[in-house]
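Visitor: I have a structure I would like to understand better, so I am pasting it below and will then ask my questions one at a time.
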Amino acid sequence: MQSRQNLFVCMICIFIGLFLVVTNSARAESHIKELEHTWIQPVQGTITDTFGTRNGKHKGIDIAAPEGAQIISVSSGLVVKSYYSDTYGHVVFIQHPEGYETVYAHLRERNVQQGEKVAKGQVLGIIGNTGVSTGTHLHFELHKGEWTFEKEHAVDPLFVFNEDVKHTVYAEDSGNDSVETNAQGSLSETTTDKHEENSQKNVITVVKGDTLWRLSDTFNVSVSSIKKWNNLKNDVIFPNQELTIFIKNSANYVVQPGDTIQSIAAEFSTSPEAIKKINDITSEKIYPEQVLVINK
């Protein structure tokens with residue numbers, strides 16, 4: 001009799017356990033769908049690198065946006081870290097009541113401190129290029145649960161933002177089947193406009209890691225102009241591809257290791273402010289191989 005009672009109790013426990021598993025799974029799936037409608041983008045911009053690239057080591061997405069763009073919290077939460085990292089640069093970590101932790105890295109400045117509660121849409125800092133970074137952008141991570149050094153809880157943020165952000169693609173090796181490539185179109189005479197007539201024609205060769213956004217920033221021209229000059233139908237470029245770029249008739253200088261804006265200004269008998277203005281630079285930071293436009 002006692003054994004039958006024990007068996008009955010065990011069966012009840014099993015049914016309760018199965019019910020909780022199914023219920024929790026349904027709730028989890030529903031919760032993820034809910035985030036798509038309740039969370040907001042950390043910044044309006046263009047994705048320049050996606051989750052899982054760099055042999056699986058890139059555990060977030062990179063979003064390029066103009067200098068001075070504000071970085072906002074995707075949802076309400078608690079700031080658990082706000083500090084300067086050698087790799088992340090200025091970085092903010094936020095834990096959200098939905099059970100996720102978000103990371104906002106490479107900021108130029110931080111507006112919140114550890115222990116501070118933030119609201120959805122609150123400004124966390126300004127987009128930047130600090131830490132291990134090769135251009136102004138936000139590195140954004142999403143972790144289910146807490147962030148860890150191994151980042152084993154990282155998930156692709158695009159499951160939340162997959163319809164709201166534009167994509168661009170880094171140039172990868174042409175042998176990588178996961179990257180679509182397209183043939184370069186020839187520049188026709190009908191595409192010539194006043195900008196081109198008053199500019200110097202340059203043919204550059206794409207290197208691995210280039211994006212249209214990065215070339216646009218380097219040569220101080222718009223992405224749409226680069227696409228028009230080369231008859232590109234999408235944002236995909238690939239190594240060794242030749243692109244035509246028209247640069248306004250000014251002195252162009254390729255930054256060398258050890259250069260500063262001050263030393264370049266002295267060499268060309270101009271002011272650092274003039275160089276920063278024509279190249280839309282808001283800080284003193286420049287990097288080797290960067291092309292600067294300098295008015296004579």
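Each chain in the structure tokens gets a letter, A, B, ..., in the order shown, and its residues are numbered from 1; ligands are numbered from 1 in order too.
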Tell me, as a PyMOL selection string, which residues lie within 8 Å of segment 143-145 of chain A, counting only C-alpha atoms; anything in the same chain fewer than 5 positions away does not count.
Guide: chain A and resi 99-102+151+153-155
Visitor: Can you pull out the residues contacting segment 114-131 of chain A? Cut-off 10 Å, using only C-alpha atoms, and skip same-chain residues under 2 positions away; I want them as a PyMOL selection string.
Guide: chain A and resi 38-43+63-96+104-112+133-139+283+285
Visitor: For atom CA of Asp259 of chain A and atom CA of Gly209 of chain A, determine how far apart the two atoms are, in Å to one decimal place.
Guide: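 Interatomic distance here is 23.1 Å.
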Visitor: Tell me, which residues of segment 195-264 of chain A carry DSSP helix (DSSP H, G or I), written as a list of chain:residue names?
Guide: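 Helix (DSSP H, G or I) members of segment 195-264 of chain A, listed: A:His195, A:Glu196, A:Glu197, A:Leu212, A:Trp213, A:Arg214, A:Leu215, A:Ser216, A:Asp217, A:Thr218, A:Phe219, A:Val223, A:Ser224, A:Ser225, A:Ile226, A:Lys227, A:Lys228, A:Trp229, A:Ile261, A:Gln262, A:Ser263, A:Ile264.
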Visitor: Residues at most 12 Å from Thr270 of chain A, counting only C-alpha atoms, excluding those fewer than 4 positions away in the same chain, as a list in words?
Guide: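 After dropping sequence-adjacent residues, the list is Ala251, Ile261, Gln262, Ser263, Ile264, Ala265, Ala266, Ala274, Ile275, Lys276, Lys277, Ile278, Val293, Ile294, Asn295 and Lys296 of chain A.
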Visitor: So that I have them on file, write out the residues from the current selection with C-alpha atoms, as a PDB file, in the first residue's frame.
Guide:
ATOM      1  CA  ALA A 251      45.876  68.399 -51.136  1.00  0.00           C
ATOM      2  CA  ILE A 261      47.132  66.889 -36.671  1.00  0.00           C
ATOM      3  CA  GLN A 262      49.474  69.620 -35.422  1.00  0.00           C
ATOM      4  CA  SER A 263      52.497  68.288 -37.315  1.00  0.00           C
ATOM      5  CA  ILE A 264      50.494  67.875 -40.530  1.00  0.00           C
ATOM      6  CA  ALA A 265      49.053  71.374 -40.185  1.00  0.00           C
ATOM      7  CA  ALA A 266      52.565  72.803 -39.810  1.00  0.00           C
ATOM      8  CA  ALA A 274      40.958  73.761 -40.635  1.00  0.00           C
ATOM      9  CA  ILE A 275      42.061  70.128 -41.111  1.00  0.00           C
ATOM     10  CA  LYS A 276      39.569  68.904 -38.516  1.00  0.00           C
ATOM     11  CA  LYS A 277      36.738  70.897 -40.086  1.00  0.00           C
ATOM     12  CA  ILE A 278      37.227  69.754 -43.696  1.00  0.00           C
ATOM     13  CA  VAL A 293      41.871  66.264 -47.261  1.00  0.00           C
ATOM     14  CA  ILE A 294      43.820  69.510 -46.822  1.00  0.00           C
ATOM     15  CA  ASN A 295      42.871  72.780 -48.497  1.00  0.00           C
ATOM     16  CA  LYS A 296      45.832  74.691 -49.904  1.00  0.00           C
TER      17      LYS A 296
END
Visitor: For the atom pair atom CA of Gln290 of chain A and atom CA of Asn234 of chain A, what is the interatomic distance in Å to one decimal place?
Guide: 24.5 Å
Visitor: What's the 12 Å shell around Glu152 of chain A, counting only C-alpha atoms, without same-chain residues fewer than 5 positions away, as a list of chain:residue names?
Guide: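 So the residues in contact are A:Gly56, A:Lys57, A:His58, A:Lys59, A:Glu141, A:Leu142, A:His143, A:Lys144, A:Gly145, A:Glu146, A:Trp147.
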Visitor: Those same residues, written as a JSON list (two decimals), in the first residue's frame with all heavy atoms?
Guide:
[["chain", "number", "residue", "atom", "x", "y", "z"],
["A", 56, "GLY", "N", 34.23, 33.33, -34.99],
["A", 56, "GLY", "CA", 33.33, 33.12, -33.86],
["A", 56, "GLY", "C", 33.65, 33.93, -32.63],
["A", 56, "GLY", "O", 32.95, 33.83, -31.61],
["A", 57, "LYS", "N", 34.68, 34.77, -32.69],
["A", 57, "LYS", "CA", 35.10, 35.52, -31.50],
["A", 57, "LYS", "C", 34.36, 36.84, -31.31],
["A", 57, "LYS", "O", 34.45, 37.45, -30.25],
["A", 57, "LYS", "CB", 36.61, 35.78, -31.58],
["A", 57, "LYS", "CG", 37.46, 34.51, -31.52],
["A", 57, "LYS", "CD", 38.95, 34.83, -31.62],
["A", 57, "LYS", "CE", 39.78, 33.56, -31.59],
["A", 57, "LYS", "NZ", 41.24, 33.85, -31.70],
["A", 58, "HIS", "N", 33.67, 37.28, -32.34],
["A", 58, "HIS", "CA", 32.95, 38.56, -32.23],
["A", 58, "HIS", "C", 31.58, 38.29, -31.64],
["A", 58, "HIS", "O", 30.67, 37.83, -32.31],
["A", 58, "HIS", "CB", 32.82, 39.22, -33.60],
["A", 58, "HIS", "CG", 32.42, 40.65, -33.54],
["A", 58, "HIS", "ND1", 31.27, 41.14, -34.12],
["A", 58, "HIS", "CD2", 33.02, 41.72, -32.95],
["A", 58, "HIS", "CE1", 31.18, 42.44, -33.92],
["A", 58, "HIS", "NE2", 32.23, 42.81, -33.20],
["A", 59, "LYS", "N", 31.41, 38.62, -30.36],
["A", 59, "LYS", "CA", 30.21, 38.26, -29.62],
["A", 59, "LYS", "C", 29.21, 39.42, -29.52],
["A", 59, "LYS", "O", 28.51, 39.55, -28.51],
["A", 59, "LYS", "CB", 30.59, 37.78, -28.21],
["A", 59, "LYS", "CG", 31.45, 36.54, -28.18],
["A", 59, "LYS", "CD", 30.75, 35.35, -28.82],
["A", 59, "LYS", "CE", 31.57, 34.08, -28.70],
["A", 59, "LYS", "NZ", 30.90, 32.92, -29.31],
["A", 141, "GLU", "N", 26.70, 44.31, -27.18],
["A", 141, "GLU", "CA", 26.55, 42.88, -26.86],
["A", 141, "GLU", "C", 25.27, 42.65, -26.07],
["A", 141, "GLU", "O", 24.81, 43.51, -25.31],
["A", 141, "GLU", "CB", 27.74, 42.38, -26.04],
["A", 141, "GLU", "CG", 29.07, 42.39, -26.77],
["A", 141, "GLU", "CD", 30.22, 41.90, -25.90],
["A", 141, "GLU", "OE1", 29.95, 41.35, -24.80],
["A", 141, "GLU", "OE2", 31.38, 42.06, -26.31],
["A", 142, "LEU", "N", 24.72, 41.45, -26.24],
["A", 142, "LEU", "CA", 23.53, 41.03, -25.51],
["A", 142, "LEU", "C", 23.80, 39.65, -24.92],
["A", 142, "LEU", "O", 24.21, 38.73, -25.63],
["A", 142, "LEU", "CB", 22.33, 40.97, -26.46],
["A", 142, "LEU", "CG", 21.01, 40.46, -25.89],
["A", 142, "LEU", "CD1", 20.50, 41.40, -24.80],
["A", 142, "LEU", "CD2", 19.96, 40.34, -26.99],
["A", 143, "HIS", "N", 23.61, 39.53, -23.59],
["A", 143, "HIS", "CA", 23.90, 38.27, -22.90],
["A", 143, "HIS", "C", 22.65, 37.81, -22.15],
["A", 143, "HIS", "O", 21.99, 38.60, -21.48],
["A", 143, "HIS", "CB", 25.05, 38.45, -21.91],
["A", 143, "HIS", "CG", 26.33, 38.86, -22.56],
["A", 143, "HIS", "ND1", 27.33, 37.96, -22.90],
["A", 143, "HIS", "CD2", 26.76, 40.08, -22.98],
["A", 143, "HIS", "CE1", 28.33, 38.62, -23.48],
["A", 143, "HIS", "NE2", 28.00, 39.89, -23.54],
["A", 144, "LYS", "N", 22.32, 36.53, -22.29],
["A", 144, "LYS", "CA", 21.20, 35.95, -21.55],
["A", 144, "LYS", "C", 21.71, 35.58, -20.17],
["A", 144, "LYS", "O", 22.46, 34.63, -20.00],
["A", 144, "LYS", "CB", 20.67, 34.72, -22.29],
["A", 144, "LYS", "CG", 19.37, 34.19, -21.70],
["A", 144, "LYS", "CD", 18.81, 33.07, -22.55],
["A", 144, "LYS", "CE", 17.47, 32.60, -22.00],
["A", 144, "LYS", "NZ", 16.88, 31.50, -22.82],
["A", 145, "GLY", "N", 21.32, 36.37, -19.19],
["A", 145, "GLY", "CA", 21.91, 36.24, -17.86],
["A", 145, "GLY", "C", 23.04, 37.24, -17.73],
["A", 145, "GLY", "O", 23.04, 38.29, -18.37],
["A", 146, "GLU", "N", 24.03, 36.92, -16.93],
["A", 146, "GLU", "CA", 25.14, 37.84, -16.68],
["A", 146, "GLU", "C", 26.23, 37.72, -17.73],
["A", 146, "GLU", "O", 26.46, 36.66, -18.31],
["A", 146, "GLU", "CB", 25.74, 37.58, -15.28],
["A", 146, "GLU", "CG", 24.80, 37.89, -14.13],
["A", 146, "GLU", "CD", 25.49, 37.72, -12.80],
["A", 146, "GLU", "OE1", 26.67, 37.30, -12.78],
["A", 146, "GLU", "OE2", 24.85, 38.02, -11.77],
["A", 147, "TRP", "N", 26.91, 38.84, -17.99],
["A", 147, "TRP", "CA", 28.11, 38.85, -18.83],
["A", 147, "TRP", "C", 29.21, 38.11, -18.10],
["A", 147, "TRP", "O", 29.38, 38.24, -16.89],
["A", 147, "TRP", "CB", 28.55, 40.28, -19.11],
["A", 147, "TRP", "CG", 29.81, 40.42, -19.92],
["A", 147, "TRP", "CD1", 29.92, 40.55, -21.26],
["A", 147, "TRP", "CD2", 31.16, 40.46, -19.42],
["A", 147, "TRP", "NE1", 31.22, 40.67, -21.65],
["A", 147, "TRP", "CE2", 32.02, 40.60, -20.54],
["A", 147, "TRP", "CE3", 31.72, 40.37, -18.14],
["A", 147, "TRP", "CZ2", 33.40, 40.67, -20.40],
["A", 147, "TRP", "CZ3", 33.09, 40.42, -18.01],
["A", 147, "TRP", "CH2", 33.92, 40.58, -19.14]]
Visitor: Select, from A:Asn202, A:Gln256, A:Thr282, A:Thr211, the residue with the minimum atom-to-atom distance to Asp49 of chain A, counting only C-alpha atoms.
Guide: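 Comparing A:Asn202, A:Gln256, A:Thr282, A:Thr211 against Asp49 of chain A, the winner is A:Thr211.
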Visitor: Record the distance separating atom CA of Asp235 of chain A and atom CA of Asn279 of chain A, expressed in Å with one decimal.
Guide: 22.9 Å
